[in-house]
file coords.csv (CSV, C-alpha atoms)
chain,number,residue,atom,x,y,z
A,126,MET,CA,128.8,75.8,78.6
A,127,THR,CA,132.3,76.2,77.3
A,128,GLU,CA,133.5,77.6,80.6
A,129,VAL,CA,132.0,74.9,82.8
A,130,GLY,CA,133.0,71.3,82.2
A,131,TRP,CA,131.0,68.1,82.8
A,132,THR,CA,133.0,67.2,85.8
A,133,ALA,CA,131.9,70.4,87.5
A,134,LEU,CA,128.3,69.8,86.5
A,135,LEU,CA,128.4,66.2,87.8
A,136,ALA,CA,129.8,67.4,91.1
A,137,PHE,CA,127.1,70.1,91.3
A,138,TRP,CA,124.4,67.5,90.7
A,139,GLY,CA,125.9,65.4,93.5
A,140,LEU,CA,125.6,68.3,95.9
A,141,ALA,CA,122.0,68.9,94.8
A,142,ALA,CA,121.1,65.2,95.6
A,143,LEU,CA,122.9,65.5,99.0
A,144,GLY,CA,121.2,68.7,99.9
A,145,ALA,CA,117.7,67.4,99.0
A,146,TRP,CA,118.4,64.2,101.0
A,147,SER,CA,119.4,66.3,104.0
A,148,GLN,CA,116.5,68.8,103.7
A,149,THR,CA,113.9,66.0,103.4
A,150,LEU,CA,115.1,64.5,106.7
A,151,THR,CA,115.8,67.6,108.7
A,152,GLY,CA,113.8,70.5,107.0
A,153,PHE,CA,116.8,72.5,106.0
A,154,ALA,CA,120.3,72.6,104.4
A,155,LEU,CA,119.6,72.2,100.7
A,156,GLY,CA,120.5,75.7,99.8
A,157,LEU,CA,123.4,75.9,102.3
A,158,ILE,CA,125.0,72.6,101.1
A,159,VAL,CA,124.6,73.4,97.4
A,160,MET,CA,125.8,77.0,97.7
A,161,SER,CA,128.7,76.3,100.0
A,162,GLY,CA,130.0,73.4,98.0
A,163,THR,CA,129.6,75.0,94.7
A,164,THR,CA,131.2,78.2,95.7
A,165,LEU,CA,134.1,76.5,97.6
A,166,PHE,CA,135.1,74.4,94.6
A,167,GLY,CA,134.2,77.0,92.0
A,168,LEU,CA,131.8,74.8,90.1
A,169,LEU,CA,129.4,77.5,88.9
A,170,PRO,CA,129.1,81.3,89.3
A,171,VAL,CA,127.2,82.5,92.4
A,172,PRO,CA,124.3,84.1,90.6
A,173,VAL,CA,123.7,80.9,88.5
A,174,THR,CA,123.9,78.7,91.7
A,175,ALA,CA,121.5,80.9,93.6
A,176,GLN,CA,119.0,80.9,90.7
A,177,ILE,CA,119.1,77.1,90.4
A,178,ILE,CA,118.7,76.7,94.2
A,179,SER,CA,115.4,78.6,94.0
A,180,VAL,CA,114.0,76.0,91.6
A,181,LEU,CA,115.5,73.1,93.5
A,182,VAL,CA,113.9,74.2,96.7
A,183,LEU,CA,110.5,74.4,94.9
A,184,LEU,CA,110.8,70.8,93.7
A,185,ASN,CA,111.9,69.4,97.0
A,186,GLY,CA,109.2,71.5,98.8
A,187,ALA,CA,106.5,70.3,96.5
A,188,MET,CA,107.5,66.7,97.1
A,189,VAL,CA,107.5,67.2,100.9
A,190,LEU,CA,104.4,69.3,101.1
A,191,TRP,CA,102.3,67.0,98.9
A,192,ARG,CA,101.9,64.7,101.9
A,193,ASP,CA,102.8,66.8,104.9
A,194,HIS,CA,101.5,70.3,104.3
A,195,HIS,CA,98.9,70.0,107.1
A,196,HIS,CA,101.8,70.1,109.7
A,197,ALA,CA,102.8,73.7,108.8
A,198,ASP,CA,102.3,76.5,111.3
A,199,ARG,CA,100.5,78.9,109.0
A,200,LYS,CA,100.8,82.0,111.3
A,201,ALA,CA,104.6,81.6,111.5
A,202,VAL,CA,104.9,81.0,107.8
A,203,ILE,CA,102.9,84.1,106.8
A,204,ALA,CA,104.7,86.4,109.3
A,205,ALA,CA,108.1,85.2,108.1
A,206,VAL,CA,107.3,85.5,104.5
A,207,VAL,CA,106.0,89.1,104.9
A,208,GLY,CA,109.2,90.0,106.7
A,209,ALA,CA,111.4,88.3,104.1
A,210,VAL,CA,110.0,89.4,100.8
A,211,PRO,CA,111.3,93.1,100.7
A,212,MET,CA,114.7,92.0,102.0
A,213,ILE,CA,115.0,89.3,99.4
A,214,ALA,CA,114.5,92.0,96.8
A,215,LEU,CA,117.3,94.1,98.4
A,216,GLY,CA,119.7,91.2,98.6
A,217,TYR,CA,119.1,90.3,95.0
A,218,TRP,CA,119.9,93.9,94.0
A,219,LEU,CA,123.1,93.8,96.0
A,220,LEU,CA,124.1,90.5,94.3
A,221,GLN,CA,123.9,92.1,90.9
A,222,TRP,CA,126.1,95.0,92.1
A,223,MET,CA,128.7,93.0,93.9
A,224,VAL,CA,129.4,90.3,91.3
A,225,GLY,CA,131.0,92.7,89.0
A,226,SER,CA,133.1,94.7,91.5
A,227,ALA,CA,133.6,92.7,94.6
A,228,LEU,CA,133.4,89.0,93.9
A,229,GLU,CA,135.9,88.1,96.6
A,230,TRP,CA,134.1,90.2,99.2
A,231,LEU,CA,131.0,88.3,98.2
A,232,ARG,CA,132.8,85.0,98.7
A,233,LEU,CA,134.0,86.2,102.1
A,234,ILE,CA,130.6,87.2,103.3
A,235,LEU,CA,129.2,83.9,102.2
A,236,GLY,CA,131.9,82.0,104.1
A,237,VAL,CA,131.2,84.0,107.3
A,238,PHE,CA,127.5,83.5,106.9
A,239,ILE,CA,127.8,79.7,106.3
A,240,ALA,CA,130.3,79.1,109.2
A,241,ALA,CA,128.2,81.2,111.6
A,242,ALA,CA,125.0,79.4,110.5
A,243,ALA,CA,126.6,76.0,111.0
A,244,LEU,CA,127.8,76.9,114.5
A,245,GLN,CA,124.5,78.3,115.4
A,246,LEU,CA,122.6,75.2,114.3
A,247,VAL,CA,124.9,72.4,115.6
A,248,HIS,CA,122.9,71.9,118.8
A,249,ARG,CA,119.2,72.0,119.0
A,250,PRO,CA,118.3,74.7,121.5
A,251,GLN,CA,116.2,73.8,124.5
A,252,PRO,CA,112.6,74.9,123.5
A,253,TRP,CA,111.0,77.7,125.4
A,254,ASP,CA,107.9,77.2,127.5
A,255,ASP,CA,105.8,79.7,125.6
A,256,ARG,CA,105.4,80.4,121.9
A,257,SER,CA,107.0,83.5,120.6
A,258,PRO,CA,104.7,86.4,119.5
A,259,THR,CA,103.9,86.5,115.8
A,260,PRO,CA,106.1,89.6,115.0
A,261,ALA,CA,109.2,87.6,116.1
A,262,PHE,CA,108.7,85.3,113.0
A,263,GLY,CA,108.5,88.4,110.8
A,264,ILE,CA,111.8,89.7,112.2
A,265,ALA,CA,113.5,86.3,111.6
A,266,GLY,CA,112.2,86.2,108.1
A,267,ALA,CA,113.4,89.8,107.4
A,268,THR,CA,116.9,89.0,108.9
A,269,GLY,CA,117.3,85.9,106.6
A,270,GLY,CA,115.7,87.6,103.6
A,271,ILE,CA,118.7,89.6,102.6
A,272,MET,CA,120.9,86.5,102.6
A,273,GLY,CA,118.2,84.8,100.6
A,274,GLY,CA,118.4,87.5,98.0
A,275,LEU,CA,122.2,87.2,97.9
A,276,PHE,CA,122.7,83.5,98.1
A,277,ALA,CA,119.2,81.8,98.1
A,278,THR,CA,119.8,80.6,101.7
A,279,SER,CA,117.5,82.5,104.0
A,280,GLY,CA,116.8,79.9,106.6
A,281,PRO,CA,119.1,80.2,109.7
A,282,PRO,CA,117.4,82.9,111.6
A,283,LEU,CA,114.0,81.3,111.2
A,284,ILE,CA,115.4,77.8,111.9
A,285,TRP,CA,116.9,79.0,115.1
A,286,LEU,CA,113.6,80.6,116.2
A,287,LEU,CA,111.5,77.7,115.3
A,288,TYR,CA,113.7,75.2,117.2
A,289,ARG,CA,113.1,77.3,120.3
A,290,GLN,CA,109.4,77.0,120.0
A,291,PRO,CA,107.3,74.4,121.9
A,292,LEU,CA,106.4,72.7,118.6
A,293,ALA,CA,106.5,69.1,117.3
A,294,LEU,CA,109.5,68.4,115.0
A,295,ASP,CA,107.2,67.6,112.1
A,296,THR,CA,105.6,71.1,112.5
A,297,ILE,CA,109.1,72.7,112.5
A,298,ARG,CA,110.2,70.8,109.5
A,299,VAL,CA,107.2,71.4,107.3
A,300,THR,CA,106.9,75.1,108.4
A,301,LEU,CA,110.5,75.6,107.3
A,302,VAL,CA,109.9,73.9,104.0
A,303,SER,CA,106.8,76.0,103.4
A,304,TYR,CA,108.7,79.2,104.0
A,305,PHE,CA,111.5,78.1,101.7
A,306,VAL,CA,109.1,77.3,98.9
A,307,ILE,CA,107.3,80.7,99.1
A,308,THR,CA,110.5,82.8,99.4
A,309,GLN,CA,112.4,81.0,96.7
A,310,ALA,CA,109.4,81.3,94.4
A,311,PHE,CA,109.5,85.1,94.9
A,312,ARG,CA,113.3,85.1,94.3
A,313,LEU,CA,112.8,83.1,91.1
A,314,VAL,CA,110.3,85.7,89.9
A,315,LEU,CA,113.0,88.4,90.3
A,316,THR,CA,115.4,86.4,88.2
A,317,VAL,CA,112.9,85.8,85.5
A,318,ALA,CA,112.0,89.4,85.4
A,319,ASP,CA,115.7,90.2,85.1
A,320,ARG,CA,116.0,87.8,82.1
A,321,SER,CA,119.1,86.3,83.6
A,322,PHE,CA,118.2,82.6,82.7
A,323,ASP,CA,120.9,81.4,80.2
A,324,ARG,CA,121.9,78.1,78.6
A,325,LEU,CA,124.4,77.2,81.4
A,326,THR,CA,121.6,77.7,84.0
A,327,ALA,CA,119.2,75.5,82.0
A,328,VAL,CA,121.7,72.6,81.6
A,329,ALA,CA,122.8,72.7,85.2
A,330,LEU,CA,119.2,73.0,86.4
A,331,ALA,CA,118.0,70.0,84.3
A,332,GLY,CA,120.4,67.6,85.9
A,333,ALA,CA,120.0,69.1,89.3
A,334,LEU,CA,116.2,68.6,89.2
A,335,LEU,CA,116.7,64.9,88.6
A,336,ALA,CA,119.3,64.8,91.4
A,337,VAL,CA,116.9,66.5,93.9
A,338,ALA,CA,114.1,64.2,92.9
A,339,PHE,CA,116.4,61.2,93.5
A,340,GLY,CA,117.7,62.6,96.8
A,341,THR,CA,114.2,63.4,98.1
A,342,TRP,CA,112.9,59.9,97.1
A,343,ALA,CA,116.0,58.2,98.6
A,344,ALA,CA,115.5,60.0,102.0
A,345,ARG,CA,111.9,58.9,102.1
A,346,ARG,CA,112.4,55.3,100.9
A,347,PHE,CA,115.7,54.5,102.6
A,348,PRO,CA,116.0,56.6,105.8
A,349,PRO,CA,119.5,56.1,107.4
A,350,PRO,CA,119.6,53.8,110.5
A,351,VAL,CA,120.8,56.7,112.6
A,352,SER,CA,119.0,59.5,114.4
A,353,ALA,CA,117.9,62.7,112.6
A,354,LEU,CA,120.1,64.6,115.1
A,355,ALA,CA,123.2,62.7,114.0
A,356,ILE,CA,122.4,63.4,110.3
A,357,ARG,CA,121.9,67.1,111.1
A,358,ARG,CA,125.2,67.4,113.0
A,359,ALA,CA,127.2,65.7,110.3
A,360,ALA,CA,125.7,68.0,107.6
A,361,LEU,CA,126.5,71.0,109.8
A,362,VAL,CA,130.1,70.0,110.3
A,363,LEU,CA,130.5,69.8,106.5
A,364,LEU,CA,128.9,73.2,106.2
A,365,PHE,CA,131.2,74.7,108.8
A,366,LEU,CA,134.3,73.4,107.1
A,367,SER,CA,133.0,74.7,103.7
A,368,GLY,CA,132.5,78.2,105.3
A,369,VAL,CA,136.0,78.2,106.7
A,370,GLY,CA,137.3,77.2,103.3
A,371,LEU,CA,135.5,80.0,101.6
A,372,ILE,CA,136.8,82.5,104.2
A,373,GLY,CA,140.4,81.3,103.7
A,374,THR,CA,140.2,81.4,99.9
A,375,ALA,CA,138.6,84.8,99.8
A,376,GLY,CA,141.0,86.2,102.5
A,377,MET,CA,144.1,85.1,100.6
A,378,ALA,CA,142.8,86.5,97.3
A,379,LEU,CA,142.0,89.9,99.0
A,380,ALA,CA,145.4,90.0,100.7
A,381,ARG,CA,147.1,89.4,97.3
A,382,GLY,CA,145.0,92.0,95.7

call {"tool": "encode", "arguments": {"input": "coords.csv", "output": "structure tokens"}}
result
Amino acid sequence: MTEVGWTALLAFWGLAALGAWSQTLTGFALGLIVMSGTTLFGLLPVPVTAQIISVLVLLNGAMVLWRDHHHADRKAVIAAVVGAVPMIALGYWLLQWMVGSALEWLRLILGVFIAAAALQLVHRPQPWDDRSPTPAFGIAGATGGIMGGLFATSGPPLIWLLYRQPLALDTIRVTLVSYFVITQAFRLVLTVADRSFDRLTAVALAGALLAVAFGTWAARRFPPPVSALAIRRAALVLLFLSGVGLIGTAGMALARG
């Protein structure tokens, strides 16, 4: 706790509330918002942030699925999870290796990932006429899984694929939340087995849980008087700018080194 001040923790908790608010309304962005903002401003270490995100996604998901679980596309969820699980383990192993020897490269990779994800998701693609075959969801899950292991943000490939399906928006939203809950639960098991849960993580997590509960409740109780599309685009603009900032910061550090 001596290395992280209360100002940084308050800012982190604000990001957690914003991410939960956005994910409740759109089905995604909690992990991306929290990870990008925290890393850009250096609020907490990447491994600590990723560990906390796993728990926050579980809380937000539980609150969403308590009422809406019946909307999930179970075949898509199962296929995506089966593809993601082994790649999450690989990404988590890479995170342990890179933090000690290549922190700026890790920051650069994260910036590229976030900026590309934001650009990819700005516009909702026109849905296809026919549903994709089940293995396609497994491939999307596997593609995102390695980023989920590294940064606890495995959503963009599956988000892109689901938004191309001839499915209702509620189905897409709840399917994504279901996938996030299961994959983040697996990632959390990895961190517990690794015994990497320390006092800083506990304190930051305690406040973040309250922030996520508040953000989720606020999104349900007081939905903004604008379209979900407008909310989604605003969130993605912020994500893109965060990604660009991370790329610039890491690039300058690597050039100096």

call {"tool": "closest_atom_pairs", "arguments": {"input": "coords.csv", "of": "segment 265-341 of chain A", "to": "segment 188-202 of chain A", "cutoff": "6 Å", "atoms": "only C-alpha atoms", "output": "CSV"}}
result
residue,atom,partner,partner_atom,distance
A:Thr296,CA,A:His196,CA,4.8
A:Val299,CA,A:Ala197,CA,5.2
A:Thr300,CA,A:Ala197,CA,4.4
A:Tyr304,CA,A:Val202,CA,5.7

call {"tool": "atom_distance", "arguments": {"input": "coords.csv", "atom1": "atom CA of Phe137 of chain A", "atom2": "atom CA of Met160 of chain A"}}
result
9.5 Å

call {"tool": "atom_distance", "arguments": {"input": "coords.csv", "atom1": "atom CA of Leu215 of chain A", "atom2": "atom CA of Phe276 of chain A"}}
result
11.9 Å

call {"tool": "residues_around", "arguments": {"input": "coords.csv", "residues": "Trp146 of chain A", "least_positions_apart": "4", "cutoff": "10 Å", "atoms": "all atoms listed in the file", "output": "PDB file with C-alpha atoms, in the coordinates of the input"}}
result
ATOM      1  CA  LEU A 140     125.600  68.300  95.900  1.00  0.00           C
ATOM      2  CA  ALA A 141     122.000  68.900  94.800  1.00  0.00           C
ATOM      3  CA  ALA A 142     121.100  65.200  95.600  1.00  0.00           C
ATOM      4  CA  LEU A 150     115.100  64.500 106.700  1.00  0.00           C
ATOM      5  CA  THR A 151     115.800  67.600 108.700  1.00  0.00           C
ATOM      6  CA  GLY A 152     113.800  70.500 107.000  1.00  0.00           C
ATOM      7  CA  PHE A 153     116.800  72.500 106.000  1.00  0.00           C
ATOM      8  CA  ALA A 154     120.300  72.600 104.400  1.00  0.00           C
ATOM      9  CA  LEU A 155     119.600  72.200 100.700  1.00  0.00           C
ATOM     10  CA  ASN A 185     111.900  69.400  97.000  1.00  0.00           C
ATOM     11  CA  ALA A 336     119.300  64.800  91.400  1.00  0.00           C
ATOM     12  CA  VAL A 337     116.900  66.500  93.900  1.00  0.00           C
ATOM     13  CA  ALA A 338     114.100  64.200  92.900  1.00  0.00           C
ATOM     14  CA  PHE A 339     116.400  61.200  93.500  1.00  0.00           C
ATOM     15  CA  GLY A 340     117.700  62.600  96.800  1.00  0.00           C
ATOM     16  CA  THR A 341     114.200  63.400  98.100  1.00  0.00           C
ATOM     17  CA  TRP A 342     112.900  59.900  97.100  1.00  0.00           C
ATOM     18  CA  ALA A 343     116.000  58.200  98.600  1.00  0.00           C
ATOM     19  CA  ALA A 344     115.500  60.000 102.000  1.00  0.00           C
ATOM     20  CA  ARG A 345     111.900  58.900 102.100  1.00  0.00           C
ATOM     21  CA  PRO A 348     116.000  56.600 105.800  1.00  0.00           C
TER      22      PRO A 348
END

call {"tool": "residues_around", "arguments": {"input": "coords.csv", "residues": "Pro211 of chain A", "least_positions_apart": "2", "cutoff": "10 Å", "atoms": "all atoms listed in the file", "output": "JSON, numbers by chain"}}
result
{"A": [206, 207, 208, 209, 213, 214, 215, 216, 267, 270, 271, 274]}

call {"tool": "residues_around", "arguments": {"input": "coords.csv", "residues": "Leu134 of chain A", "least_positions_apart": "3", "cutoff": "10 Å", "atoms": "all atoms listed in the file", "output": "list in words"}}
result
Met126, Val129, Gly130, Trp131, Phe137, Trp138, Gly139, Leu140, Thr163, Leu168, Leu169, Leu325, Val328, Ala329, Leu330, Gly332 and Ala333 of chain A

call {"tool": "residues_around", "arguments": {"input": "coords.csv", "residues": "Gln290 of chain A", "least_positions_apart": "2", "cutoff": "6 Å", "atoms": "all atoms listed in the file", "output": "number ranges by chain"}}
result
A: 252-253, 256, 287-288, 292

call {"tool": "closest_residue", "arguments": {"input": "coords.csv", "among": "A:Gly156, A:Arg312, A:Leu301, A:Ser257", "to": "Leu364 of chain A", "atoms": "all atoms listed in the file"}}
result
A:Gly156

call {"tool": "residues_near_point", "arguments": {"input": "coords.csv", "point": "(114.6, 71.7, 90.3)", "cutoff": "6 Å", "atoms": "only C-alpha atoms", "output": "list in words"}}
result
Val180, Leu181, Leu184 and Leu334 of chain A

call {"tool": "write_last_selection", "arguments": {"input": "coords.csv", "atoms": "C-alpha atoms", "output": "PDB file, keeping the file's coordinate frame"}}
result
ATOM      1  CA  VAL A 180     114.000  76.000  91.600  1.00  0.00           C
ATOM      2  CA  LEU A 181     115.500  73.100  93.500  1.00  0.00           C
ATOM      3  CA  LEU A 184     110.800  70.800  93.700  1.00  0.00           C
ATOM      4  CA  LEU A 334     116.200  68.600  89.200  1.00  0.00           C
TER       5      LEU A 334
END

call {"tool": "atom_distance", "arguments": {"input": "coords.csv", "atom1": "atom CA of Thr164 of chain A", "atom2": "atom CA of Gly370 of chain A"}}
result
9.8 Å

call {"tool": "closest_residue", "arguments": {"input": "coords.csv", "among": "A:Ala205, A:Leu315, A:Ala375, A:Val362", "to": "Pro260 of chain A", "atoms": "all atoms listed in the file"}}
result
A:Ala205

call {"tool": "build_atoms", "arguments": {"input": "coords.csv", "residues": "segment 350-364 of chain A", "atoms": "N, CA, C and O atoms", "output": "compact mmCIF listing (two decimals), in the coordinates of the input"}}
result
# COMPACT_ATOMS: atom_id res chain seq x y z
N PRO A 350 119.89 54.45 109.16
CA PRO A 350 119.60 53.80 110.50
C PRO A 350 120.32 54.58 111.60
O PRO A 350 120.93 53.97 112.49
N VAL A 351 120.26 55.90 111.55
CA VAL A 351 120.80 56.70 112.60
C VAL A 351 119.76 57.81 112.92
O VAL A 351 118.82 58.02 112.15
N SER A 352 119.94 58.51 114.02
CA SER A 352 119.00 59.50 114.40
C SER A 352 119.06 60.73 113.49
O SER A 352 120.10 61.02 112.88
N ALA A 353 117.94 61.47 113.40
CA ALA A 353 117.90 62.70 112.60
C ALA A 353 118.93 63.70 113.17
O ALA A 353 119.53 64.48 112.42
N LEU A 354 119.15 63.68 114.49
CA LEU A 354 120.10 64.60 115.10
C LEU A 354 121.52 64.31 114.61
O LEU A 354 122.29 65.24 114.32
N ALA A 355 121.86 63.03 114.47
CA ALA A 355 123.20 62.70 114.00
C ALA A 355 123.39 63.14 112.54
O ALA A 355 124.46 63.64 112.16
N ILE A 356 122.36 62.98 111.72
CA ILE A 356 122.40 63.40 110.30
C ILE A 356 122.61 64.95 110.28
O ILE A 356 123.43 65.48 109.52
N ARG A 357 121.85 65.63 111.10
CA ARG A 357 121.90 67.10 111.10
C ARG A 357 123.29 67.59 111.52
O ARG A 357 123.85 68.49 110.92
N ARG A 358 123.86 66.97 112.54
CA ARG A 358 125.20 67.40 113.00
C ARG A 358 126.27 67.12 111.98
O ARG A 358 127.16 67.94 111.77
N ALA A 359 126.16 65.98 111.30
CA ALA A 359 127.20 65.70 110.30
C ALA A 359 127.08 66.69 109.13
O ALA A 359 128.11 67.17 108.63
N ALA A 360 125.86 67.03 108.72
CA ALA A 360 125.70 68.00 107.60
C ALA A 360 126.25 69.37 108.07
O ALA A 360 126.90 70.07 107.28
N LEU A 361 126.04 69.74 109.33
CA LEU A 361 126.50 71.00 109.80
C LEU A 361 128.01 71.11 109.95
O LEU A 361 128.62 72.17 109.78
N VAL A 362 128.64 69.99 110.29
CA VAL A 362 130.10 70.00 110.30
C VAL A 362 130.66 70.23 108.94
O VAL A 362 131.60 71.02 108.76
N LEU A 363 130.07 69.59 107.92
CA LEU A 363 130.50 69.80 106.50
C LEU A 363 130.29 71.28 106.13
O LEU A 363 131.14 71.89 105.47
N LEU A 364 129.16 71.83 106.53
CA LEU A 364 128.90 73.20 106.20
C LEU A 364 129.90 74.15 106.86
O LEU A 364 130.39 75.09 106.23
